[in-house]
Structure formats: C-alpha cells, structure tokens
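Asks: File follows, model30.cif with mmCIF, C-alpha atoms:
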```cif
data_query
loop_
_atom_site.label_atom_id
_atom_site.label_comp_id
_atom_site.auth_asym_id
_atom_site.auth_seq_id
_atom_site.Cartn_x
_atom_site.Cartn_y
_atom_site.Cartn_z
CA MET A 1 -18.24 106.24 9.58
CA ALA A 2 -21.12 104.63 11.49
CA ILE A 3 -24.64 105.13 10.18
CA ASP A 4 -27.13 106.51 12.67
CA PHE A 5 -30.37 104.74 11.75
CA LEU A 6 -32.39 106.59 14.37
CA LYS A 7 -31.13 110.08 13.59
CA ARG A 8 -34.10 112.31 12.89
CA GLU A 9 -34.34 113.38 9.26
CA GLU A 10 -36.47 115.89 7.46
CA VAL A 11 -40.05 114.60 7.26
CA GLN A 12 -41.11 113.43 3.82
CA VAL A 13 -44.89 113.11 3.94
CA LYS A 14 -45.14 112.28 0.25
CA PHE A 15 -45.67 108.73 -0.91
CA LEU A 16 -42.60 106.84 -1.99
CA ALA A 17 -42.73 105.68 -5.59
CA VAL A 18 -43.05 102.02 -4.47
CA GLU A 19 -46.02 102.95 -2.25
CA LYS A 20 -47.80 104.67 -5.13
CA LEU A 21 -47.09 101.64 -7.28
CA ASN A 22 -48.40 99.18 -4.72
CA LEU A 23 -51.59 101.14 -4.16
CA LEU A 24 -52.13 101.39 -7.92
CA TYR A 25 -51.72 97.62 -8.36
CA ASN A 26 -54.01 97.13 -5.38
CA LEU A 27 -56.66 99.28 -7.08
CA PHE A 28 -56.20 97.54 -10.44
CA THR A 29 -56.69 94.06 -8.99
CA THR A 30 -59.59 95.27 -6.86
CA LEU A 31 -61.35 96.33 -10.05
CA LEU A 32 -60.60 92.90 -11.52
CA ILE A 33 -62.21 91.26 -8.49
CA ILE A 34 -65.34 93.33 -9.03
CA VAL A 35 -65.43 92.40 -12.74
CA PHE A 36 -64.89 88.66 -12.11
CA PHE A 37 -66.62 88.57 -8.72
CA ASN A 38 -68.96 85.65 -9.50
CA ARG A 39 -66.20 83.57 -11.08
CA LEU A 40 -63.62 83.84 -8.29
CA ASN A 41 -63.40 81.28 -5.50
CA ASP A 42 -63.30 83.69 -2.57
CA PRO A 43 -63.60 87.31 -3.74
CA GLN A 44 -64.55 88.58 -0.27
CA GLU A 45 -61.29 87.33 1.21
CA MET A 46 -59.33 88.83 -1.68
CA LEU A 47 -60.98 92.21 -1.13
CA MET A 48 -60.31 92.04 2.60
CA GLY A 49 -56.64 91.30 1.91
CA ARG A 50 -56.39 94.39 -0.25
CA PHE A 51 -57.98 96.51 2.44
CA PHE A 52 -55.42 95.40 5.02
CA ILE A 53 -52.54 95.94 2.58
CA ALA A 54 -53.68 99.51 1.89
CA ALA A 55 -54.16 100.09 5.63
CA ALA A 56 -50.66 98.76 6.40
CA THR A 57 -49.19 101.15 3.83
CA PHE A 58 -50.81 104.15 5.49
CA VAL A 59 -49.80 102.93 8.96
CA VAL A 60 -46.08 102.75 8.13
CA ILE A 61 -46.26 106.16 6.45
CA TYR A 62 -47.85 107.58 9.60
CA ILE A 63 -45.15 106.00 11.77
CA TYR A 64 -42.51 107.59 9.58
CA THR A 65 -44.07 111.06 9.90
CA LYS A 66 -44.00 110.70 13.70
CA TYR A 67 -40.50 109.19 13.87
CA PRO A 68 -38.74 110.19 10.63
CA SER A 69 -35.42 108.39 10.37
CA MET A 70 -33.41 106.13 8.13
CA ALA A 71 -34.80 103.15 10.05
CA THR A 72 -38.48 104.01 9.58
CA ARG A 73 -37.88 104.90 5.93
CA LEU A 74 -36.34 101.46 5.47
CA VAL A 75 -39.44 99.95 7.10
CA ARG A 76 -41.60 101.69 4.47
CA ILE A 77 -39.56 100.14 1.66
CA VAL A 78 -39.29 96.68 3.18
CA THR A 79 -43.04 96.63 3.85
CA GLN A 80 -43.79 97.19 0.17
CA MET A 81 -41.18 94.71 -1.04
CA SER A 82 -42.38 92.01 1.35
CA LEU A 83 -45.91 92.26 -0.08
CA LEU A 84 -44.63 90.63 -3.28
CA SER A 85 -44.97 87.30 -1.46
CA TYR A 86 -48.71 88.01 -1.24
CA TRP A 87 -49.21 89.32 -4.77
CA TYR A 88 -47.50 86.37 -6.49
CA PRO A 89 -49.87 83.51 -5.48
CA ASP A 90 -52.71 85.99 -5.85
CA THR A 91 -52.22 85.83 -9.64
CA PHE A 92 -53.42 82.23 -9.57
CA GLU A 93 -56.74 83.27 -8.04
CA PHE A 94 -57.41 85.19 -11.26
CA ASN A 95 -55.89 83.04 -13.98
CA ARG A 96 -57.43 79.81 -12.67
CA ILE A 97 -60.76 81.03 -14.07
CA PHE A 98 -59.33 80.96 -17.61
CA PRO A 99 -58.54 77.80 -19.65
CA ASN A 100 -55.02 76.52 -19.10
CA LEU A 101 -52.60 77.18 -21.99
CA ASP A 102 -49.78 74.75 -21.21
CA HIS A 103 -50.63 72.54 -24.18
CA LEU A 104 -49.86 75.45 -26.52
CA PHE A 105 -46.52 76.28 -24.89
CA ALA A 106 -45.44 72.64 -24.62
CA SER A 107 -46.31 72.20 -28.30
CA MET A 108 -44.33 75.31 -29.19
CA GLU A 109 -41.40 73.98 -27.19
CA PHE A 110 -41.48 70.64 -29.02
CA SER A 111 -41.85 72.30 -32.42
CA LEU A 112 -38.86 74.58 -31.85
CA PHE A 113 -36.45 72.14 -30.22
CA GLY A 114 -37.73 68.69 -31.23
CA CYS A 115 -37.86 67.64 -27.58
CA GLN A 116 -38.74 68.90 -24.13
CA PRO A 117 -35.53 70.62 -22.91
CA ALA A 118 -36.72 70.51 -19.29
CA ILE A 119 -36.86 66.70 -19.43
CA LEU A 120 -33.62 66.33 -21.40
CA PHE A 121 -31.72 68.81 -19.22
CA ASP A 122 -32.61 66.88 -16.07
CA GLN A 123 -31.52 63.59 -17.66
CA VAL A 124 -28.17 64.88 -18.93
CA PHE A 125 -27.21 66.63 -15.68
CA SER A 126 -28.50 63.98 -13.29
CA SER A 127 -25.62 64.18 -10.79
CA ILE A 128 -26.52 65.44 -7.33
CA TRP A 129 -23.72 68.00 -7.67
CA TRP A 130 -25.32 69.55 -10.73
CA ARG A 131 -28.70 69.41 -9.02
CA GLU A 132 -27.31 71.22 -5.98
CA ALA A 133 -25.54 73.85 -8.09
CA PHE A 134 -28.64 74.71 -10.10
CA ASN A 135 -30.89 74.70 -7.04
CA MET A 136 -28.40 76.96 -5.24
CA GLY A 137 -28.68 79.44 -8.10
CA TYR A 138 -32.47 79.26 -7.97
CA TRP A 139 -32.56 79.66 -4.17
CA LEU A 140 -30.29 82.74 -4.31
CA TYR A 141 -32.95 84.64 -6.27
CA TYR A 142 -34.40 86.45 -3.24
CA PRO A 143 -30.99 87.10 -1.63
CA MET A 144 -30.03 88.74 -4.95
CA ILE A 145 -33.04 91.06 -4.68
CA ALA A 146 -32.14 91.92 -1.08
CA THR A 147 -28.46 92.45 -1.93
CA VAL A 148 -29.12 94.92 -4.74
CA SER A 149 -31.86 96.74 -2.80
CA PHE A 150 -29.75 97.14 0.35
CA PHE A 151 -26.67 98.10 -1.64
CA TYR A 152 -28.58 100.99 -3.17
CA PHE A 153 -30.13 101.94 0.19
CA PHE A 154 -26.79 102.15 2.00
CA CYS A 155 -24.31 102.94 -0.78
CA ARG A 156 -26.37 104.79 -3.38
CA PRO A 157 -29.12 106.46 -1.31
CA LYS A 158 -29.90 109.04 -3.99
CA ASP A 159 -30.79 106.23 -6.40
CA GLU A 160 -32.38 103.88 -3.86
CA GLU A 161 -35.99 104.88 -4.59
CA ARG A 162 -35.48 104.38 -8.32
CA CYS A 163 -33.92 100.96 -7.72
CA THR A 164 -36.76 99.62 -5.57
CA PHE A 165 -39.34 101.08 -7.94
CA VAL A 166 -37.75 99.36 -10.95
CA ILE A 167 -37.73 96.02 -9.09
CA MET A 168 -41.33 96.25 -7.89
CA ALA A 169 -42.70 97.64 -11.14
CA SER A 170 -41.02 94.76 -12.96
CA PHE A 171 -42.73 92.24 -10.69
CA PHE A 172 -46.12 93.88 -11.18
CA LEU A 173 -45.76 93.91 -14.97
CA TYR A 174 -45.02 90.19 -14.88
CA TYR A 175 -47.92 89.58 -12.49
CA ILE A 176 -50.33 91.32 -14.87
CA ILE A 177 -49.17 88.99 -17.64
CA TYR A 178 -49.64 85.97 -15.37
CA ILE A 179 -53.19 86.98 -14.55
CA PHE A 180 -54.24 86.81 -18.19
CA VAL A 181 -51.83 84.13 -19.52
CA PRO A 182 -52.50 80.99 -17.44
CA VAL A 183 -49.44 78.79 -18.00
CA ALA A 184 -48.43 76.52 -15.11
CA GLY A 185 -45.14 75.18 -16.44
CA PRO A 186 -43.66 71.68 -16.81
CA GLN A 187 -43.51 70.98 -13.07
CA PHE A 188 -47.32 71.08 -12.98
CA TYR A 189 -48.31 70.13 -16.51
CA PHE A 190 -46.06 67.11 -17.08
CA PRO A 191 -47.11 65.19 -13.92
CA VAL A 192 -50.75 65.58 -14.98
CA ILE A 193 -50.34 64.33 -18.55
CA GLY A 194 -47.40 62.01 -17.81
CA GLU A 195 -43.74 62.70 -18.56
CA ASP A 196 -43.61 59.92 -21.17
CA VAL A 197 -46.53 61.52 -22.99
CA ALA A 198 -44.80 64.91 -22.87
CA ALA A 199 -41.54 63.46 -24.22
CA ALA A 200 -43.49 61.85 -27.07
CA GLY A 201 -44.89 65.22 -28.17
CA ILE A 202 -48.51 64.70 -27.13
CA TYR A 203 -50.02 67.68 -25.30
CA PRO A 204 -53.69 67.44 -24.32
CA GLU A 205 -55.66 70.48 -23.20
CA LEU A 206 -56.41 70.65 -19.47
CA GLY A 207 -59.11 73.33 -19.57
CA ASN A 208 -59.95 74.30 -15.99
CA TYR A 209 -58.10 71.35 -14.41
CA PHE A 210 -55.93 73.52 -12.13
CA ASN A 211 -58.96 75.47 -10.95
CA LEU A 212 -60.38 72.20 -9.65
CA ASN A 213 -57.03 70.75 -8.56
CA PRO A 214 -54.86 73.60 -7.25
CA ASP A 215 -52.99 71.59 -4.60
CA ILE A 216 -50.32 69.62 -6.42
CA THR A 217 -47.14 68.37 -4.78
CA ILE A 218 -43.86 69.36 -6.43
CA ALA A 219 -41.17 66.76 -5.82
CA GLN A 220 -37.46 66.89 -6.56
CA GLU A 221 -34.97 64.09 -6.13
CA GLY A 222 -32.05 64.71 -3.82
CA LYS A 223 -33.15 64.09 -0.25
CA GLY A 224 -30.52 65.38 2.15
CA ALA A 225 -29.10 67.83 -0.40
CA LEU A 226 -29.28 71.29 1.16
CA PHE A 227 -30.33 73.58 -1.69
CA THR A 228 -32.51 70.97 -3.37
CA GLU A 229 -34.48 70.60 -0.15
CA LEU A 230 -34.61 74.36 0.42
CA VAL A 231 -36.04 74.97 -3.04
CA GLY A 232 -38.43 72.05 -2.67
CA ALA A 233 -39.68 73.36 0.68
CA ALA A 234 -40.18 76.87 -0.72
CA GLN A 235 -42.09 75.56 -3.72
CA SER A 236 -44.25 73.26 -1.64
CA SER A 237 -45.28 76.11 0.65
CA GLY A 238 -45.74 78.96 -1.82
CA GLU A 239 -45.81 77.71 -5.40
CA ARG A 240 -49.00 77.67 -7.45
CA PRO A 241 -49.76 76.44 -10.99
CA THR A 242 -49.18 79.91 -12.40
CA ALA A 243 -46.52 82.35 -13.62
CA ALA A 244 -44.64 80.23 -16.15
CA PHE A 245 -44.56 82.59 -19.14
CA PRO A 246 -42.37 84.56 -19.24
CA SER A 247 -39.96 83.58 -16.46
CA SER A 248 -39.95 86.41 -13.93
CA HIS A 249 -37.04 84.69 -12.15
CA ILE A 250 -34.90 85.28 -15.22
CA GLY A 251 -36.51 88.61 -16.10
CA VAL A 252 -36.07 90.14 -12.65
CA SER A 253 -32.59 88.62 -12.25
CA THR A 254 -31.59 90.24 -15.54
CA ILE A 255 -32.84 93.55 -14.18
CA LEU A 256 -30.93 93.02 -10.92
CA VAL A 257 -27.67 92.44 -12.79
CA MET A 258 -28.30 95.59 -14.84
CA LEU A 259 -29.00 97.58 -11.68
CA ALA A 260 -25.88 96.16 -10.04
CA PHE A 261 -23.78 97.00 -13.10
CA ARG A 262 -25.00 100.58 -13.00
CA ALA A 263 -24.24 100.92 -9.28
CA LYS A 264 -20.95 99.00 -9.01
CA ARG A 265 -19.54 96.81 -11.76
CA SER A 266 -17.75 94.48 -9.36
CA LEU A 267 -21.09 93.67 -7.73
CA ALA A 268 -22.52 92.69 -11.13
CA VAL A 269 -19.46 90.50 -11.80
CA ILE A 270 -19.99 88.68 -8.49
CA MET A 271 -23.69 88.18 -9.23
CA PHE A 272 -23.24 86.98 -12.80
CA PRO A 273 -22.31 83.32 -12.05
CA VAL A 274 -25.37 83.06 -9.80
CA PHE A 275 -27.45 84.60 -12.58
CA VAL A 276 -26.24 81.94 -15.06
CA LEU A 277 -27.02 79.11 -12.60
CA LEU A 278 -30.47 80.59 -11.94
CA CYS A 279 -31.27 80.84 -15.66
CA CYS A 280 -30.33 77.19 -16.12
CA ALA A 281 -32.19 76.17 -12.98
CA THR A 282 -35.55 77.51 -14.13
CA VAL A 283 -35.60 74.90 -16.91
CA TYR A 284 -33.66 72.25 -15.00
CA ILE A 285 -36.16 72.01 -12.12
CA LYS A 286 -39.01 72.19 -14.66
CA ALA A 287 -40.38 75.47 -13.34
CA HIS A 288 -40.34 76.83 -16.91
CA TYR A 289 -40.22 75.82 -20.53
CA LEU A 290 -37.14 76.97 -22.42
CA VAL A 291 -39.32 79.44 -24.36
CA ASP A 292 -40.31 80.94 -20.99
CA ALA A 293 -36.65 81.38 -20.10
CA ILE A 294 -35.81 83.06 -23.41
CA ALA A 295 -38.84 85.34 -23.07
CA GLY A 296 -37.79 86.14 -19.51
CA LEU A 297 -34.33 87.27 -20.63
CA LEU A 298 -35.61 89.43 -23.47
CA SER A 299 -38.48 90.91 -21.47
CA GLY A 300 -36.15 91.66 -18.54
CA ILE A 301 -34.00 93.92 -20.71
CA LEU A 302 -37.05 95.66 -22.15
CA ILE A 303 -38.76 96.06 -18.76
CA TYR A 304 -35.62 97.53 -17.17
CA TYR A 305 -35.73 100.47 -19.58
CA LEU A 306 -39.51 100.74 -19.42
CA THR A 307 -39.64 100.85 -15.61
CA THR A 308 -36.74 103.30 -15.46
CA TRP A 309 -38.78 105.60 -17.71
CA LEU A 310 -41.94 105.00 -15.66
CA TYR A 311 -40.14 105.94 -12.45
CA LYS A 312 -39.93 109.54 -13.55
CA ARG A 313 -43.75 109.59 -13.74
CA PHE A 314 -44.15 108.15 -10.25
CA SER A 315 -41.45 110.11 -8.47
CA SER A 316 -40.90 113.76 -7.69
CA GLU A 317 -37.96 113.97 -10.09
CA GLU A 318 -38.08 116.87 -12.50
#
```
I'd like the structure from this file rewritten - as structure tokens, please.
Replies:
Amino acid sequence: MAIDFLKREEVQVKFLAVEKLNLLYNLFTTLLIIVFFNRLNDPQEMLMGRFFIAAATFVVIYIYTKYPSMATRLVRIVTQMSLLSYWYPDTFEFNRIFPNLDHLFASMEFSLFGCQPAILFDQVFSSIWWREAFNMGYWLYYPMIATVSFFYFFCRPKDEERCTFVIMASFFLYYIIYIFVPVAGPQFYFPVIGEDVAAAGIYPELGNYFNLNPDITIAQEGKGALFTELVGAAQSSGERPTAAFPSSHIGVSTILVMLAFRAKRSLAVIMFPVFVLLCCATVYIKAHYLVDAIAGLLSGILIYYLTTWLYKRFSSEE
C-alpha cells in the first residue's frame, strides 16, 4: 500500500520530543557562552548561531501547522537531526579553553595495555584491504543512523518519536561530556608529540596547544581507496581536536543496534557486522584510544536505558 506523504493529518501543535531536547541543549550552551564569554574565541557568532537554530525550529513547526502531513512532520525530525552536524564541532569551541587531557589518557592506555593499541593495530593490519574494511565500517556510521531512524518512521510510526529522541539525547549527553573533558585522541595528539615518543610511553602535557593550533591535517594512507578517502575527506572538513572520550561512534552505534533489535531482529543482525567494523575502526584510524572505545560501549548501553527513561519526561506519554 502506497504511503501518501502529503495527506493532511490531524494538526499536532505540540513540540516533538526532539524539538524540546534541541531547544533545551541550545539554552544550556547559551548559558555556558554567557559564563565563559570572555574566554571564548567568538562568543557573538556562537550566540547568533543559536538564535538561528531556535528560529529554524519554530519555522518548521509553523510550516507543519499550516500544512500538516507526514512529509512536513518528517521535515521537523530531519531538521533537528541534521543540527547534530553543527553541535558536534561546537563542543571544541568550549573545551579548547580548558587544558588538554590527552597525556592522561595516553598514559592510562600505556599502563593498561603496555603499548599504544592504535599504533599497534595499524601496524598489524597494514593491508589496504583491512584499511578499506575498517574505514567502510566507520563511514557507514551516519547511514546506520538514517537507516534506523527511517525504519522507525515508516515501519514503527508509533515508536518513531521515542527512537529519534533516544538517538539525539544520546548525542547531547556525549557532547556535554566533550565540553568538559577535552581529549583530542591519538590522531591529533600523536602527530604533535611524535608517534615514536608515544610508542615509547612518553606523554607530555599540551596545555592549551589545540586552542592555539586548531587546524591540524588528518592524513590516512591509501590514496585511491574509496572508503579511506571518504573518511579522510569527512575528517578533514568537519573533524576537530575534540570528542575522544568516550567514543560516541561506538556509544551511539551500540544504541542503534539495540534500537534495531527492539524494532526488527533481522535488521540488528544485518547491522551487527558493520557495528563490529566500526568499533575496530575507531582505534584503527586513531580517532580514539582503546579506553575510549571500551567506555563508548559501556556508556552506550547505559545511555540507551537512561534516554528511554528520559523520553517519558519529554513526551506526552502517560
């Protein structure tokens, strides 16, 4: 049976749970800007960005009230989800004012494993085929988010709002951690101190280095390899020295698999090999320390249940 996207539906003037969540995070970070105003690089621009984001939210709600349909409701959801690409690099604008903590996490890594797994992993699996497989898993992160979100929207419409809320709330919880825990990860820290120094177990403090040097090129070997180049291009355009601990890639992917399992087990089974590749890739491409990956997996399980509980407070469910 064909779906009529433009069929008029009963007007729902209320805010969607994801819209409430986005506005709340907007307000929270606005207050942070006011508190740290004199320490931020461009607080006026950050405030202006928040104004336009809030305005855009009210505009799409207004459009929906005038033309209520499945299509305009989907626009409301996609608008909020797409804003995650703005909120992620925004975390760096806050945490760059705090001293970098990579030396502590690299030291912890070396103490626990006697080496730097990110360096060793890359050396052991040096074949271009392994590199492509891991980068494919990493690149499929956002398609996984879209797949689960759209599956709920079209196949489980009664649970769609809960699904998108759990995903977005998970991101925001990770972003709050990233604001106050400034860890850049091996791909930024090791090039600064030298990979040989890192392998030898020497981890100097960088202080406010990344605040003064935010534009650092991330390079991966494998020119001409499709997924390696795709991941490299995405990182070069949008990556910042932020968000290493815990790994939100692994945390959110864990949540996506749990959401998929709840909706349709076969979907979770299909996603699981990609999930495994993605987990490996976060360390392999040096985006995260192994302790970040482990923390991402454990926090993902915890956050899934926490955000599911929080949804009831944000929604109209009894």
Asks: If you count all atoms listed in the file, which residues fall within 9 Å of segment 226-229 of chain A, apart from same-chain ones fewer than 5 positions away, as number ranges by chain?
Replies: A: 131-139, 220-221, 234
Asks: Which polymer residues, protein or nucleic acid, are no farther than 10 Å from (-29.5, 89.0, -13.5), counting only C-alpha atoms, as a list in words?
Replies: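 Here is the list of nearby residues: Tyr141, Met144, Ile145, His249, Ile250, Gly251, Val252, Ser253, Thr254, Ile255, Leu256, Val257, Met258, Leu259, Ala260, Phe261, Ala268, Met271, Phe272, Pro273, Val274, Phe275, Val276, Leu278, Cys279, Leu297, Gly300 and Ile301 of chain A.
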Asks: At what distance in Å, to one decimal, does atom CA of Pro246 of chain A lie from atom CA of Ala295 of chain A?
Replies: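 Pair atom CA of Ala295 of chain A / atom CA of Pro246 of chain A returns 5.3 Å.
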Asks: I'd like the neighbourhood of Asn208 of chain A as an mmCIF file with C-alpha atoms, in the coordinates of the input, where a residue qualifies if any of its atoms comes within 12 Å (using all atoms listed in the file), though same-chain residues fewer than 4 positions away should be ignored.
Replies:
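Everything below was put into result.cif:
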```
data_model
loop_
_atom_site.group_PDB
_atom_site.id
_atom_site.type_symbol
_atom_site.label_atom_id
_atom_site.label_comp_id
_atom_site.auth_asym_id
_atom_site.auth_seq_id
_atom_site.Cartn_x
_atom_site.Cartn_y
_atom_site.Cartn_z
ATOM 1 C CA ASN A 95 -55.890 83.040 -13.980
ATOM 2 C CA ARG A 96 -57.430 79.810 -12.670
ATOM 3 C CA ILE A 97 -60.760 81.030 -14.070
ATOM 4 C CA PHE A 98 -59.330 80.960 -17.610
ATOM 5 C CA PRO A 99 -58.540 77.800 -19.650
ATOM 6 C CA ASN A 100 -55.020 76.520 -19.100
ATOM 7 C CA LEU A 101 -52.600 77.180 -21.990
ATOM 8 C CA ASP A 102 -49.780 74.750 -21.210
ATOM 9 C CA PRO A 182 -52.500 80.990 -17.440
ATOM 10 C CA VAL A 183 -49.440 78.790 -18.000
ATOM 11 C CA ALA A 184 -48.430 76.520 -15.110
ATOM 12 C CA LEU A 212 -60.380 72.200 -9.650
ATOM 13 C CA ASN A 213 -57.030 70.750 -8.560
ATOM 14 C CA PRO A 214 -54.860 73.600 -7.250
ATOM 15 C CA PRO A 241 -49.760 76.440 -10.990
#
```
Asks: Exactly which residues make up the result of the PyMOL selection byres ((chain A and resi 94) around 12) on this file, given as a PyMOL selection string?
Replies: chain A and resi 29-43+46+87-93+95-100+175-182+210-211+240-243
Asks: Using all atoms listed in the file, what table do you get, as CSV, when you list each residue of segment 155-204 of chain A with an atom no more than 10 Å from segment 307-310 of chain A, its nearest pair of atoms, and their distance in Å rounded to one decimal, rows by chain then rising number?
Replies:
```
residue,atom,partner,partner_atom,distance
A:Arg162,CA,A:Thr308,CA,7.3
A:Cys163,CA,A:Thr308,CA,8.6
A:Phe165,CA,A:Thr307,CA,7.7
A:Val166,CA,A:Thr307,CA,5.2
A:Ile167,CA,A:Thr307,CA,8.3
A:Met168,CA,A:Thr307,CA,9.1
A:Ala169,CA,A:Thr307,CA,6.3
A:Ser170,CA,A:Thr307,CA,6.8
A:Leu173,CA,A:Thr307,CA,9.3
```
Asks: Applied to this file, what does the PyMOL selection byres ((chain A and resi 68-73) around 7) return in terms of residues, put as a tab-separated table (two decimals) with C-alpha atoms, in the frame of the given file?
Replies:
```tsv
chain	number	residue	atom	x	y	z
A	5	PHE	CA	-30.37	104.74	11.75
A	6	LEU	CA	-32.39	106.59	14.37
A	7	LYS	CA	-31.13	110.08	13.59
A	8	ARG	CA	-34.10	112.31	12.89
A	9	GLU	CA	-34.34	113.38	9.26
A	10	GLU	CA	-36.47	115.89	7.46
A	11	VAL	CA	-40.05	114.60	7.26
A	64	TYR	CA	-42.51	107.59	9.58
A	65	THR	CA	-44.07	111.06	9.90
A	66	LYS	CA	-44.00	110.70	13.70
A	67	TYR	CA	-40.50	109.19	13.87
A	74	LEU	CA	-36.34	101.46	5.47
A	75	VAL	CA	-39.44	99.95	7.10
A	76	ARG	CA	-41.60	101.69	4.47
A	77	ILE	CA	-39.56	100.14	1.66
```
